[in-house]
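A.B. asks: Sharing data.cif here; it has mmCIF, C-alpha atoms.
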```cif
data_model
loop_
_atom_site.label_atom_id
_atom_site.label_comp_id
_atom_site.auth_asym_id
_atom_site.auth_seq_id
_atom_site.Cartn_x
_atom_site.Cartn_y
_atom_site.Cartn_z
CA MET A 271 320.87 160.49 -4.13
CA GLN A 272 317.72 160.68 -6.12
CA CYS A 273 317.67 158.53 -9.20
CA GLY A 274 320.43 159.55 -11.55
CA CYS A 275 319.70 156.94 -14.10
CA THR A 276 317.26 158.79 -16.29
CA ILE A 277 320.15 160.67 -17.88
CA ILE A 278 321.15 157.47 -19.71
CA PRO A 279 318.86 156.81 -22.65
CA ALA A 280 316.66 153.77 -22.24
CA ASP A 281 317.93 152.18 -25.44
CA VAL A 282 321.52 152.43 -24.19
CA LEU A 283 320.58 150.79 -20.90
CA GLU A 284 318.78 148.06 -22.79
CA LYS A 285 321.78 147.50 -25.04
CA LEU A 286 324.18 147.34 -22.12
CA SER A 287 321.94 144.88 -20.29
CA HIS A 288 322.59 142.42 -23.16
CA ASP A 289 326.28 143.25 -23.70
CA LYS A 290 328.18 139.99 -23.32
CA LYS A 291 331.44 141.86 -22.71
CA LEU A 292 330.02 142.84 -19.33
CA SER A 293 329.77 140.54 -16.34
CA THR A 294 326.49 138.93 -15.36
CA ASP A 295 326.21 141.27 -12.37
CA GLU A 296 326.82 144.33 -14.54
CA ARG A 297 324.26 143.21 -17.12
CA LYS A 298 321.74 142.62 -14.34
CA SER A 299 322.52 146.05 -12.93
CA PHE A 300 321.77 147.68 -16.29
CA ALA A 301 318.60 145.61 -16.69
CA ASP A 302 317.45 146.68 -13.23
CA THR A 303 318.32 150.28 -14.02
CA ALA A 304 316.37 150.11 -17.27
CA GLN A 305 313.36 148.79 -15.38
CA PHE A 306 313.76 151.44 -12.68
CA ASP A 307 314.22 154.08 -15.34
CA SER A 308 311.01 153.05 -17.01
CA ASN A 309 309.16 153.15 -13.71
CA TRP A 310 310.70 156.50 -12.83
CA ARG A 311 309.58 157.99 -16.13
CA LYS A 312 306.05 156.83 -15.33
CA VAL A 313 306.30 158.43 -11.88
CA ARG A 314 307.49 161.70 -13.40
CA ALA A 315 304.69 161.66 -15.96
CA LEU A 316 302.22 160.98 -13.19
CA ARG A 317 303.67 163.82 -11.12
CA THR A 318 303.31 166.23 -14.04
CA LYS A 319 299.73 165.06 -14.57
CA THR A 320 299.03 165.39 -10.87
CA THR A 321 300.46 168.90 -10.82
CA ALA A 322 298.29 169.96 -13.74
CA SER A 323 295.27 168.40 -12.09
CA ALA A 324 296.02 170.07 -8.78
CA GLN A 325 296.46 173.42 -10.51
CA SER A 326 292.96 173.15 -11.89
CA LEU A 327 291.73 172.35 -8.40
CA LEU A 328 293.50 175.45 -7.13
CA ALA A 329 291.19 177.54 -9.27
CA SER A 330 288.40 176.40 -7.01
CA GLY A 331 290.42 177.27 -3.93
CA VAL A 332 291.83 173.86 -3.07
CA ALA A 333 295.46 173.83 -1.92
CA LEU A 334 297.59 171.52 0.18
CA ALA A 335 297.94 174.17 2.87
CA ALA A 336 297.27 177.86 3.36
CA ALA A 337 301.00 178.28 3.96
CA PRO A 338 303.63 175.70 3.13
CA ALA A 339 305.12 173.39 5.74
CA VAL A 340 308.89 173.78 5.95
CA THR A 341 311.00 170.70 6.62
CA VAL A 342 314.75 170.30 7.09
CA PHE A 343 316.75 167.11 6.68
CA ASP A 344 320.34 166.43 7.72
CA CYS A 345 322.55 164.54 5.26
CA LYS A 346 325.23 164.25 7.97
CA LYS A 347 328.01 164.83 5.43
CA THR A 348 326.77 162.07 3.13
CA THR A 349 325.24 162.52 -0.31
CA SER A 350 322.18 160.49 0.60
CA LEU A 351 319.06 162.58 0.00
CA PRO A 352 317.01 163.71 1.72
CA GLY A 353 318.89 162.59 4.86
CA THR A 354 317.32 162.24 8.28
CA PRO A 355 314.57 164.63 9.42
CA VAL A 356 315.51 167.41 11.84
CA ALA A 357 312.93 167.62 14.61
CA SER A 358 311.77 171.17 15.34
CA PRO A 359 314.34 172.83 13.05
CA GLY A 360 313.14 176.29 14.05
CA THR A 361 314.60 175.80 17.51
CA ALA A 362 317.45 173.44 16.56
CA ALA A 363 320.83 173.77 18.23
CA ASP A 364 322.38 173.28 14.80
CA ALA A 365 322.61 176.84 13.42
CA THR A 366 322.51 175.57 9.83
CA ALA A 367 319.25 173.70 10.40
CA LYS A 368 317.71 176.70 12.15
CA ARG A 369 318.88 179.09 9.43
CA ALA A 370 317.57 176.86 6.62
CA PHE A 371 314.20 176.67 8.38
CA VAL A 372 313.92 180.35 9.26
CA GLU A 373 315.04 181.74 5.89
CA THR A 374 313.00 179.24 3.87
CA THR A 375 309.96 180.22 5.94
CA GLU A 376 310.74 183.87 5.23
CA VAL A 377 311.06 183.21 1.49
CA ALA A 378 307.60 181.65 1.59
CA LYS A 379 306.30 184.72 3.44
CA PHE A 380 307.98 186.98 0.89
CA TYR A 381 306.31 185.23 -2.03
CA LYS A 382 302.95 185.28 -0.26
CA ALA A 383 303.07 188.86 1.00
CA VAL A 384 304.48 190.48 -2.13
CA PHE A 385 303.18 188.31 -4.97
CA GLY A 386 300.29 186.40 -3.38
CA ARG A 387 301.98 183.08 -4.19
CA ASN A 388 301.41 180.09 -1.95
CA SER A 389 304.75 178.24 -2.03
CA ILE A 390 306.73 177.00 -5.01
CA ASP A 391 303.75 175.53 -6.83
CA ASN A 392 301.20 178.11 -5.61
CA MET A 393 299.37 175.22 -3.98
CA GLY A 394 301.08 175.09 -0.61
CA MET A 395 303.78 172.58 -1.58
CA THR A 396 305.96 171.55 1.37
CA LEU A 397 309.37 173.21 1.19
CA GLN A 398 312.02 170.60 1.83
CA SER A 399 315.69 171.39 2.41
CA SER A 400 318.64 169.10 3.03
CA ILE A 401 321.70 170.48 4.83
CA HIS A 402 325.24 169.24 5.52
CA TYR A 403 325.29 167.60 2.07
CA GLY A 404 328.59 165.86 1.31
CA VAL A 405 331.99 166.64 2.79
CA LYS A 406 333.12 170.25 2.44
CA TYR A 407 330.71 170.49 -0.46
CA ASN A 408 331.05 173.79 -2.32
CA ASN A 409 327.56 174.12 -3.75
CA ALA A 410 323.83 174.46 -3.25
CA PHE A 411 321.30 173.20 -5.77
CA TRP A 412 317.68 172.47 -6.59
CA THR A 413 316.97 168.83 -7.43
CA GLY A 414 313.59 169.41 -9.02
CA GLY A 415 311.84 168.65 -5.75
CA GLN A 416 313.89 170.16 -2.94
CA MET A 417 316.77 172.45 -1.93
CA VAL A 418 320.20 171.05 -1.02
CA TYR A 419 323.00 172.92 0.78
CA GLY A 420 326.65 172.05 1.29
CA ASP A 421 328.81 173.23 4.20
CA GLY A 422 331.52 174.72 1.98
CA ASP A 423 335.20 173.91 2.39
CA GLY A 424 335.72 176.68 4.96
CA GLN A 425 338.28 178.37 2.70
CA ILE A 426 336.73 179.44 -0.59
CA PHE A 427 333.19 179.02 0.69
CA VAL A 428 331.44 178.74 4.03
CA ASP A 429 328.03 177.21 4.81
CA PHE A 430 325.74 177.82 1.82
CA THR A 431 322.73 178.60 4.04
CA LYS A 432 324.50 181.75 5.29
CA SER A 433 323.43 183.90 2.33
CA ASN A 434 319.67 184.25 2.42
CA ASP A 435 319.66 185.24 -1.25
CA VAL A 436 321.06 181.77 -1.99
CA ILE A 437 318.05 180.24 -0.25
CA GLY A 438 315.76 182.54 -2.23
CA HIS A 439 317.70 181.64 -5.39
CA GLU A 440 317.27 177.88 -4.99
CA LEU A 441 313.60 178.15 -4.05
CA THR A 442 312.94 180.33 -7.09
CA HIS A 443 314.22 177.54 -9.33
CA GLY A 444 311.19 175.68 -8.02
CA VAL A 445 308.88 178.59 -8.83
CA THR A 446 310.27 178.72 -12.38
CA GLN A 447 309.82 174.97 -12.71
CA HIS A 448 306.18 175.26 -11.67
CA SER A 449 305.38 178.29 -13.85
CA SER A 450 307.24 179.30 -17.02
CA GLN A 451 309.34 176.12 -17.07
CA PHE A 452 312.27 177.87 -18.71
CA ALA A 453 314.80 175.32 -19.96
CA TYR A 454 318.28 175.25 -18.45
CA SER A 455 320.24 175.98 -21.60
CA ASN A 456 320.78 178.81 -24.08
CA GLU A 457 318.70 181.99 -23.63
CA ALA A 458 315.98 180.31 -21.57
CA GLY A 459 318.70 178.95 -19.27
CA GLY A 460 320.11 182.44 -18.76
CA LEU A 461 316.63 183.70 -17.93
CA ASN A 462 316.07 180.75 -15.58
CA GLU A 463 319.24 181.60 -13.64
CA SER A 464 318.45 185.31 -13.77
CA MET A 465 315.00 184.75 -12.24
CA SER A 466 316.69 182.99 -9.31
CA ASP A 467 319.22 185.80 -8.86
CA VAL A 468 316.54 188.49 -9.25
CA PHE A 469 314.09 187.02 -6.74
CA GLY A 470 316.91 185.89 -4.41
CA SER A 471 318.32 189.41 -4.37
CA MET A 472 314.89 190.98 -3.98
CA PHE A 473 314.22 188.67 -1.03
CA ARG A 474 317.49 189.75 0.60
CA GLN A 475 316.55 193.42 0.19
CA TRP A 476 313.02 192.70 1.48
CA ARG A 477 314.46 191.05 4.59
CA ALA A 478 316.70 194.07 5.16
CA GLY A 479 313.98 196.61 4.34
CA GLN A 480 316.25 198.18 1.73
CA THR A 481 315.39 200.31 -1.27
CA ALA A 482 316.86 199.42 -4.65
CA ALA A 483 319.39 202.20 -4.13
CA GLN A 484 320.43 200.81 -0.74
CA GLY A 485 320.78 197.19 -1.83
CA ASP A 486 324.25 195.94 -2.78
CA TRP A 487 322.89 193.55 -5.45
CA LEU A 488 325.54 190.95 -4.61
CA ILE A 489 324.75 187.27 -4.98
CA GLY A 490 326.30 184.95 -2.39
CA LYS A 491 328.03 187.68 -0.38
CA ASP A 492 327.73 185.78 2.89
CA ILE A 493 329.02 182.42 1.65
CA MET A 494 332.41 183.70 0.56
CA GLY A 495 335.18 182.13 2.65
CA PRO A 496 338.39 183.68 4.00
CA ALA A 497 340.58 182.62 1.08
CA ALA A 498 338.19 184.19 -1.42
CA LEU A 499 337.80 187.37 0.61
CA ALA A 500 341.58 187.66 0.96
CA ARG A 501 341.74 187.74 -2.84
CA GLY A 502 339.11 190.49 -2.99
CA LEU A 503 336.40 188.14 -4.23
CA THR A 504 333.36 189.33 -2.31
CA CYS A 505 330.48 187.57 -4.12
CA LEU A 506 329.57 184.99 -6.71
CA ARG A 507 327.97 187.58 -8.95
CA ASP A 508 327.13 191.28 -8.85
CA MET A 509 323.85 192.14 -10.52
CA ALA A 510 324.76 195.83 -10.65
CA SER A 511 328.14 195.15 -12.24
CA PRO A 512 328.21 191.63 -13.67
CA GLY A 513 331.72 191.92 -15.07
CA ALA A 514 333.34 193.32 -11.92
CA ALA A 515 336.68 191.99 -10.65
CA HIS A 516 335.27 191.26 -7.21
CA CYS A 517 332.97 188.56 -8.63
CA LEU A 518 334.10 184.96 -8.35
CA ALA A 519 332.58 184.32 -11.76
CA PRO A 520 332.31 187.57 -13.77
CA GLN A 521 329.57 187.69 -16.38
CA PRO A 522 328.93 189.45 -19.69
CA THR A 523 327.01 192.70 -19.48
CA HIS A 524 325.53 192.86 -22.99
CA TYR A 525 323.24 190.56 -24.93
CA SER A 526 325.57 190.69 -27.94
CA GLN A 527 328.20 188.82 -25.91
CA LEU A 528 326.01 185.73 -25.57
CA THR A 529 326.30 182.71 -27.83
CA PRO A 530 324.41 179.41 -27.82
CA GLY A 531 325.73 176.74 -25.47
CA MET A 532 327.02 179.10 -22.78
CA ASP A 533 326.37 178.19 -19.14
CA PRO A 534 323.20 179.75 -17.61
CA HIS A 535 325.29 181.21 -14.76
CA TYR A 536 327.20 183.15 -17.41
CA THR A 537 324.33 184.24 -19.66
CA SER A 538 322.23 185.52 -16.75
CA GLY A 539 324.47 188.61 -16.62
CA PRO A 540 322.56 190.87 -19.07
CA PRO A 541 319.04 190.17 -17.71
CA ASN A 542 320.36 190.56 -14.15
CA LEU A 543 321.81 193.95 -15.04
CA ALA A 544 318.59 194.98 -16.81
CA PHE A 545 316.52 194.24 -13.70
CA CYS A 546 318.94 196.06 -11.41
CA LYS A 547 319.02 199.14 -13.62
CA ALA A 548 315.24 199.16 -13.96
CA ALA A 549 314.68 198.80 -10.21
CA LYS A 550 317.14 201.59 -9.40
CA ALA A 551 315.66 203.92 -12.03
CA ALA A 552 312.10 203.22 -10.91
CA GLY A 553 313.04 204.16 -7.35
CA GLY A 554 311.66 202.79 -4.10
CA LYS A 555 311.87 199.11 -3.26
CA SER A 556 312.64 196.60 -5.98
CA TRP A 557 309.70 194.32 -5.21
CA GLU A 558 307.07 197.06 -5.20
CA LYS A 559 306.73 197.59 -8.94
CA VAL A 560 309.56 196.21 -11.09
CA GLY A 561 309.58 192.97 -9.08
CA LYS A 562 305.83 192.58 -9.56
CA VAL A 563 306.22 193.06 -13.30
CA TRP A 564 308.99 190.42 -13.43
CA TYR A 565 306.88 188.04 -11.32
CA ARG A 566 303.90 188.36 -13.68
CA ALA A 567 306.19 187.89 -16.69
CA LEU A 568 307.53 184.71 -15.07
CA THR A 569 304.29 183.20 -13.83
CA GLY A 570 301.40 184.77 -15.69
CA TYR A 571 301.71 182.97 -19.01
CA ARG A 572 301.68 179.44 -20.37
CA PRO A 573 304.93 177.49 -19.93
CA SER A 574 307.54 178.60 -22.45
CA PRO A 575 310.63 176.39 -22.09
CA ASN A 576 312.43 178.01 -25.03
CA MET A 577 311.82 181.61 -24.02
CA LYS A 578 314.08 184.18 -25.69
CA MET A 579 315.42 187.19 -23.83
CA LYS A 580 313.94 189.65 -26.33
CA THR A 581 310.51 188.09 -25.87
CA PHE A 582 310.80 188.23 -22.09
CA ALA A 583 311.93 191.86 -22.26
CA ALA A 584 308.97 192.74 -24.49
CA ARG A 585 306.67 190.98 -22.05
CA THR A 586 307.88 193.12 -19.13
CA ARG A 587 307.55 196.33 -21.18
CA LYS A 588 303.95 195.44 -21.99
CA LEU A 589 303.15 194.40 -18.44
CA ALA A 590 304.59 197.59 -16.98
CA LYS A 591 302.00 199.56 -18.96
CA SER A 592 299.06 197.26 -18.20
CA MET A 593 299.82 196.68 -14.52
CA PHE A 594 300.77 200.28 -13.73
CA PRO A 595 298.91 202.40 -16.29
CA GLY A 596 300.14 205.96 -16.50
CA ASP A 597 303.36 205.24 -14.60
CA THR A 598 305.74 206.54 -17.23
CA VAL A 599 308.69 206.52 -14.84
CA LEU A 600 308.31 202.77 -14.39
CA ALA A 601 307.78 202.09 -18.10
CA GLN A 602 310.85 204.12 -19.00
CA ALA A 603 312.93 202.53 -16.25
CA ILE A 604 312.20 199.05 -17.56
CA ASP A 605 312.67 200.07 -21.16
CA LYS A 606 316.02 201.71 -20.45
CA GLY A 607 317.14 198.78 -18.31
CA TRP A 608 316.71 196.37 -21.20
CA LYS A 609 318.13 198.77 -23.77
CA ALA A 610 321.28 199.17 -21.70
CA VAL A 611 322.02 195.47 -22.16
CA GLY A 612 321.08 195.42 -25.84
CA LEU A 613 317.55 194.09 -25.52
CA MET B 84 351.29 158.69 -15.47
CA ALA B 85 347.97 160.49 -15.13
CA ASP B 86 345.87 159.78 -18.18
CA ILE B 87 342.52 160.91 -16.84
CA ILE B 88 341.79 164.59 -16.18
CA ILE B 89 338.61 165.58 -14.39
CA GLU B 90 337.19 169.11 -14.22
CA ARG B 91 334.20 170.15 -12.12
CA ILE B 92 332.11 172.80 -13.89
CA GLY B 93 328.94 174.81 -13.29
CA GLY B 94 327.20 174.85 -9.92
CA LEU B 95 325.77 177.90 -8.19
CA GLY B 96 329.23 179.47 -8.23
CA GLY B 97 329.84 179.06 -11.95
CA PHE B 98 332.92 176.87 -11.67
CA GLY B 99 335.16 176.85 -14.71
CA LEU B 100 333.23 179.50 -16.64
CA PRO B 101 335.10 182.02 -18.81
CA GLY B 102 336.83 184.49 -16.50
CA SER B 103 335.93 182.51 -13.38
CA HIS B 104 338.38 182.75 -10.50
CA ILE B 105 337.69 179.21 -9.35
CA GLU B 106 339.14 176.13 -10.92
CA SER B 107 338.38 172.53 -9.99
CA LYS B 108 340.59 169.86 -11.44
CA GLY B 109 341.93 166.43 -10.65
CA LYS B 110 344.25 163.95 -12.33
CA LEU B 111 344.32 160.19 -12.09
CA SER B 112 345.98 157.22 -13.66
CA SER B 113 343.45 154.73 -14.95
CA ASN B 114 345.76 151.92 -13.77
CA GLU B 115 345.30 153.06 -10.18
CA LEU B 116 341.52 152.88 -10.31
CA SER B 117 339.69 149.93 -8.83
CA PRO B 118 338.37 147.45 -11.40
CA ALA B 119 334.81 148.50 -10.61
CA THR B 120 335.62 152.16 -11.23
CA GLN B 121 337.53 151.30 -14.40
CA ALA B 122 334.44 149.49 -15.64
CA ARG B 123 332.23 152.45 -14.75
CA VAL B 124 334.57 154.83 -16.57
CA GLU B 125 334.39 152.63 -19.65
CA ARG B 126 330.62 152.69 -19.48
CA LEU B 127 330.56 156.48 -19.09
CA PHE B 128 332.65 156.90 -22.23
CA ALA B 129 330.48 154.35 -24.04
CA THR B 130 327.36 156.24 -22.97
CA TYR B 131 328.46 159.84 -23.35
CA GLY B 132 331.24 159.50 -25.91
CA THR B 133 329.11 160.52 -28.84
CA GLY B 134 330.09 164.14 -28.41
CA LYS B 135 326.80 165.23 -26.89
CA ALA B 136 327.18 166.70 -23.40
CA ALA B 137 324.71 165.37 -20.87
CA PRO B 138 322.86 168.14 -19.05
CA ALA B 139 323.40 168.61 -15.33
CA LYS B 140 320.61 167.12 -13.25
CA GLY B 141 318.76 169.92 -11.54
CA ALA B 142 319.44 173.64 -11.41
CA ASP B 143 322.88 174.65 -10.08
CA SER B 144 324.15 171.06 -10.11
CA PHE B 145 327.74 170.35 -11.06
CA SER B 146 328.82 168.63 -14.22
CA TYR B 147 332.22 166.97 -14.73
CA LYS B 148 334.32 167.14 -17.85
CA ILE B 149 336.36 163.94 -18.02
CA SER B 150 339.12 163.55 -20.57
CA ARG B 151 341.32 160.52 -21.11
CA THR B 152 344.23 159.79 -23.34
CA THR B 153 344.22 156.48 -25.17
CA VAL B 154 346.07 155.07 -28.17
CA ASN B 155 343.25 156.54 -30.23
CA GLY B 156 343.84 160.04 -28.94
CA VAL B 157 342.07 162.22 -26.38
CA GLN B 158 338.42 161.58 -25.60
CA VAL B 159 336.31 164.07 -23.66
CA ILE B 160 332.89 163.59 -22.12
CA THR B 161 330.69 165.79 -19.90
CA VAL B 162 328.78 163.97 -17.20
CA PRO B 163 326.29 165.00 -14.47
CA GLU B 164 327.70 164.77 -10.95
CA ALA B 165 325.43 161.91 -9.97
CA GLU B 166 327.01 159.73 -12.65
CA VAL B 167 330.64 160.30 -11.69
CA PRO B 168 332.39 157.54 -9.69
CA ALA B 169 333.48 158.68 -6.23
CA GLU B 170 337.15 157.92 -6.98
CA LEU B 171 337.11 160.44 -9.80
CA ARG B 172 334.96 162.98 -7.99
CA ASP B 173 337.15 162.88 -4.90
CA SER B 174 340.30 163.52 -6.93
CA VAL B 175 339.09 167.01 -7.78
CA THR B 176 340.37 169.96 -5.77
CA ASP B 177 338.86 173.44 -5.80
CA ARG B 178 341.34 176.30 -5.95
CA LEU B 179 341.34 179.99 -6.67
CA LYS B 180 343.28 181.18 -9.69
#
```
Mind converting the file's structure to structure tokens?

C.D. replies:
Amino acid sequence: MQCGCTIIPADVLEKLSHDKKLSTDERKSFADTAQFDSNWRKVRALRTKTTASAQSLLASGVALAAAPAVTVFDCKKTTSLPGTPVASPGTAADATAKRAFVETTEVAKFYKAVFGRNSIDNMGMTLQSSIHYGVKYNNAFWTGGQMVYGDGDGQIFVDFTKSNDVIGHELTHGVTQHSSQFAYSNEAGGLNESMSDVFGSMFRQWRAGQTAAQGDWLIGKDIMGPAALARGLTCLRDMASPGAAHCLAPQPTHYSQLTPGMDPHYTSGPPNLAFCKAAKAAGGKSWEKVGKVWYRALTGYRPSPNMKMKTFAARTRKLAKSMFPGDTVLAQAIDKGWKAVGL
Amino acid sequence: MADIIIERIGGLGGFGLPGSHIESKGKLSSNELSPATQARVERLFATYGTGKAAPAKGADSFSYKISRTTVNGVQVITVPEAEVPAELRDSVTDRLK
């Protein structure tokens, strides 16, 4: 695992390193952790500084690569990240490795072709994925530097690389991290999760060549296992109907239902529904106009960790008019989408 | 007697959220834990027992709600997955409800 120690405040680590109720080994462990923690904070600060510096270089056309390298690592059912490198994952016999490579590459193409973005950081950052994480691990996540996929337990979930929207979802957490930097709690957290669902779903429709009307707007449809399907649970979430019974985790559909402290996977319901309604009302393909407005709203401003949903909605309304002047159908579609969820 | 209850929450699938059809829980007796794990559990409660939930590390990561019953009553902490001892983590079973 990557360092998990930074979650413990430095002063607590320091206190524990001198706690005489603990054994010598335990005190040493806390002292070492405190030292590591301090070093890790310096590394993080340096990484942030480096990113800012690199972004200024990008303005003059300097990037790591014209298109990002895509790497896949195999955790071999351990939780040791990143695992061992998979050689030539694009032609690997392991279907999971091949799928992670192919779909991640396609997500990068999607971002480049539709939005002109070069990888997660818009500077050609290498896209690293780890597969076969843990034993029957029922999750996929973004660590802050890479994507991680479990195999699922084979009952409730199957291999988390099987839904390409999940791959788009995780990668988009990286895009958010390198652009708007929405926090992962309260309204900003709901928007953070919604961005990942929105761009993950758009990517899935882009891969299938579907219009907004043709898309099913389901998140995680292809990772649902036999036990879940037997119960009629066909997705994690449904952007078109967040509260539907076929969702593993139904969500609220109206902004008024949200309260501070709710999980981001719950509060993303209203903005997900707003996007879906707007894209359907605008017509055509979701990424052609509404998706471009959402992308600019996500990436075209200074970082705003505490973004509010009303502010984000207002931003998209304004952008619709400036990016597509005279397109009243689009402006009304976006306006009505937000109004339908109380924003 | 099980005096520690562990619940896995969050993740990409929204485990344990209101209305969620998936539940992840485990029960353990603190007496059955190895001394090293017992010590780690004590440290977790010392670290996170102030009532403030620690945020999950990274988007879509799991958190674990750990509650224990002591002579002083029930204590509950919320801990990122990376901090949870394997003995506790492995006691949790996912099931549909």

A.B. asks: Once the PyMOL selection byres ((chain A and resi 515-530) around 7) has been applied to the shown file, what residues remain in the selection, as a list of chain:residue names?

C.D. replies: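 The output of the PyMOL selection byres ((chain A and resi 515-530) around 7) on this file is A:Asn456, A:Gly502, A:Leu503, A:Thr504, A:Cys505, A:Leu506, A:Arg507, A:Asp508, A:Pro512, A:Gly513, A:Ala514, A:Gly531, A:Met532, A:Tyr536, A:Thr537, A:Gly539, A:Pro540, A:Leu543, A:Val611, A:Gly612, A:Leu613, B:Gly96, B:Gly97, B:Leu100, B:Gly102, B:Ser103, B:His104, B:Ile105.
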
A.B. asks: For Ser117 of chain B, work out the shell of residues within 12 Å, counting all atoms listed in the file and skipping chain neighbours fewer than 6 positions away, then give it as a list of chain:residue names.

C.D. replies: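 Listed by chain and then number, they are B:Leu111, B:Arg123, B:Val124, B:Pro168, B:Ala169, B:Glu170, B:Leu171.
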
A.B. asks: As a list in words, please: the residues near Ile149 of chain B (cut-off 10 Å, all atoms listed in the file, same-chain neighbours under 4 positions excluded).

C.D. replies: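 Result of the neighbour search: Ile87, Ile88, Ile89, Glu90, Arg91, Lys108, Gly109, Lys110, Val124, Leu127, Phe128, Gln158, Val159, Ile160, Thr161, Val162, Val167 and Leu171 of chain B.
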
A.B. asks: Please tell me which residues are no farther than 9 Å from (318.9, 169.4, -3.3) in the file, counting all atoms listed in the file, and write them as a PyMOL selection string.

C.D. replies: (chain A and resi 351-352+398-401+403+410-419+440) or (chain B and resi 141+144)

A.B. asks: Near Gln484 of chain A, within 10 Å and counting all atoms listed in the file, which residues show up once chain neighbours fewer than 5 positions away are dropped, as an NGL selection string?

C.D. replies: :A and (475 or 478-479 or 550 or 554-555)

A.B. asks: Distance table requested - chain B against chain A, cut-off 9 Å, all atoms listed in the file: one row per qualifying residue with the closest atom pair and its distance in Å to one decimal, ordered by chain and rising residue number, as JSON lines.

C.D. replies:
```
{"residue": "B:Gly93", "atom": "CA", "partner": "A:Asp533", "partner_atom": "CA", "distance": 7.2}
{"residue": "B:Gly94", "atom": "CA", "partner": "A:Asn409", "partner_atom": "CA", "distance": 6.2}
{"residue": "B:Leu95", "atom": "CA", "partner": "A:Asn409", "partner_atom": "CA", "distance": 6.1}
{"residue": "B:Gly96", "atom": "CA", "partner": "A:Leu506", "partner_atom": "CA", "distance": 5.7}
{"residue": "B:Gly97", "atom": "CA", "partner": "A:His535", "partner_atom": "CA", "distance": 5.8}
{"residue": "B:Phe98", "atom": "CA", "partner": "A:Ala519", "partner_atom": "CA", "distance": 7.5}
{"residue": "B:Gly99", "atom": "CA", "partner": "A:Ala519", "partner_atom": "CA", "distance": 8.4}
{"residue": "B:Leu100", "atom": "CA", "partner": "A:Ala519", "partner_atom": "CA", "distance": 6.9}
{"residue": "B:Pro101", "atom": "CA", "partner": "A:Ala519", "partner_atom": "CA", "distance": 7.8}
{"residue": "B:Gly102", "atom": "CA", "partner": "A:Pro520", "partner_atom": "CA", "distance": 6.1}
{"residue": "B:Ser103", "atom": "CA", "partner": "A:Ala519", "partner_atom": "CA", "distance": 4.1}
{"residue": "B:His104", "atom": "CA", "partner": "A:Leu518", "partner_atom": "CA", "distance": 5.3}
{"residue": "B:Ile105", "atom": "CA", "partner": "A:Leu518", "partner_atom": "CA", "distance": 6.9}
{"residue": "B:Ala122", "atom": "CA", "partner": "A:Leu292", "partner_atom": "CA", "distance": 8.8}
{"residue": "B:Arg126", "atom": "CA", "partner": "A:Leu286", "partner_atom": "CA", "distance": 8.8}
{"residue": "B:Thr130", "atom": "CA", "partner": "A:Val282", "partner_atom": "CA", "distance": 7.1}
{"residue": "B:Tyr131", "atom": "CA", "partner": "A:Ile278", "partner_atom": "CA", "distance": 8.5}
{"residue": "B:Ala137", "atom": "CA", "partner": "A:Ile277", "partner_atom": "CA", "distance": 7.2}
{"residue": "B:Pro138", "atom": "CA", "partner": "A:Ile277", "partner_atom": "CA", "distance": 8.0}
{"residue": "B:Ala139", "atom": "CA", "partner": "A:Tyr454", "partner_atom": "CA", "distance": 8.9}
{"residue": "B:Lys140", "atom": "CA", "partner": "A:Thr413", "partner_atom": "CA", "distance": 7.1}
{"residue": "B:Gly141", "atom": "CA", "partner": "A:Thr413", "partner_atom": "CA", "distance": 4.6}
{"residue": "B:Ala142", "atom": "CA", "partner": "A:Trp412", "partner_atom": "CA", "distance": 5.3}
{"residue": "B:Asp143", "atom": "CA", "partner": "A:Phe411", "partner_atom": "CA", "distance": 4.8}
{"residue": "B:Ser144", "atom": "CA", "partner": "A:Phe411", "partner_atom": "CA", "distance": 5.6}
{"residue": "B:Phe145", "atom": "CA", "partner": "A:Asn409", "partner_atom": "CA", "distance": 8.2}
{"residue": "B:Pro163", "atom": "CA", "partner": "A:Ile277", "partner_atom": "CA", "distance": 8.3}
{"residue": "B:Glu164", "atom": "CA", "partner": "A:Gly274", "partner_atom": "CA", "distance": 9.0}
{"residue": "B:Ala165", "atom": "CA", "partner": "A:Gly274", "partner_atom": "CA", "distance": 5.8}
{"residue": "B:Glu166", "atom": "CA", "partner": "A:Gly274", "partner_atom": "CA", "distance": 6.7}
{"residue": "B:Asp177", "atom": "CA", "partner": "A:Ile426", "partner_atom": "CA", "distance": 8.2}
{"residue": "B:Arg178", "atom": "CA", "partner": "A:Ile426", "partner_atom": "CA", "distance": 7.7}
{"residue": "B:Leu179", "atom": "CA", "partner": "A:Ala498", "partner_atom": "CA", "distance": 7.4}
```

A.B. asks: Using the chain letters and numbers from this file, what does the PyMOL selection byres ((chain A and resi 558) around 12) select? Give the answer as JSON, numbers by chain.

C.D. replies: {"A": [380, 383, 384, 385, 472, 473, 475, 476, 479, 480, 481, 482, 549, 550, 552, 553, 554, 555, 556, 557, 559, 560, 561, 562, 563, 564, 565, 593, 594, 600]}

A.B. asks: Mind pulling up the distance from atom CA of Met465 of chain A to atom CA of Ala610 of chain A?

C.D. replies: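 A separation of 18.4 Å between them.
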
A.B. asks: For atom CA of Arg477 of chain A and atom CA of Leu397 of chain A, quote the distance in Å rounded to one decimal.

C.D. replies: 18.9 Å
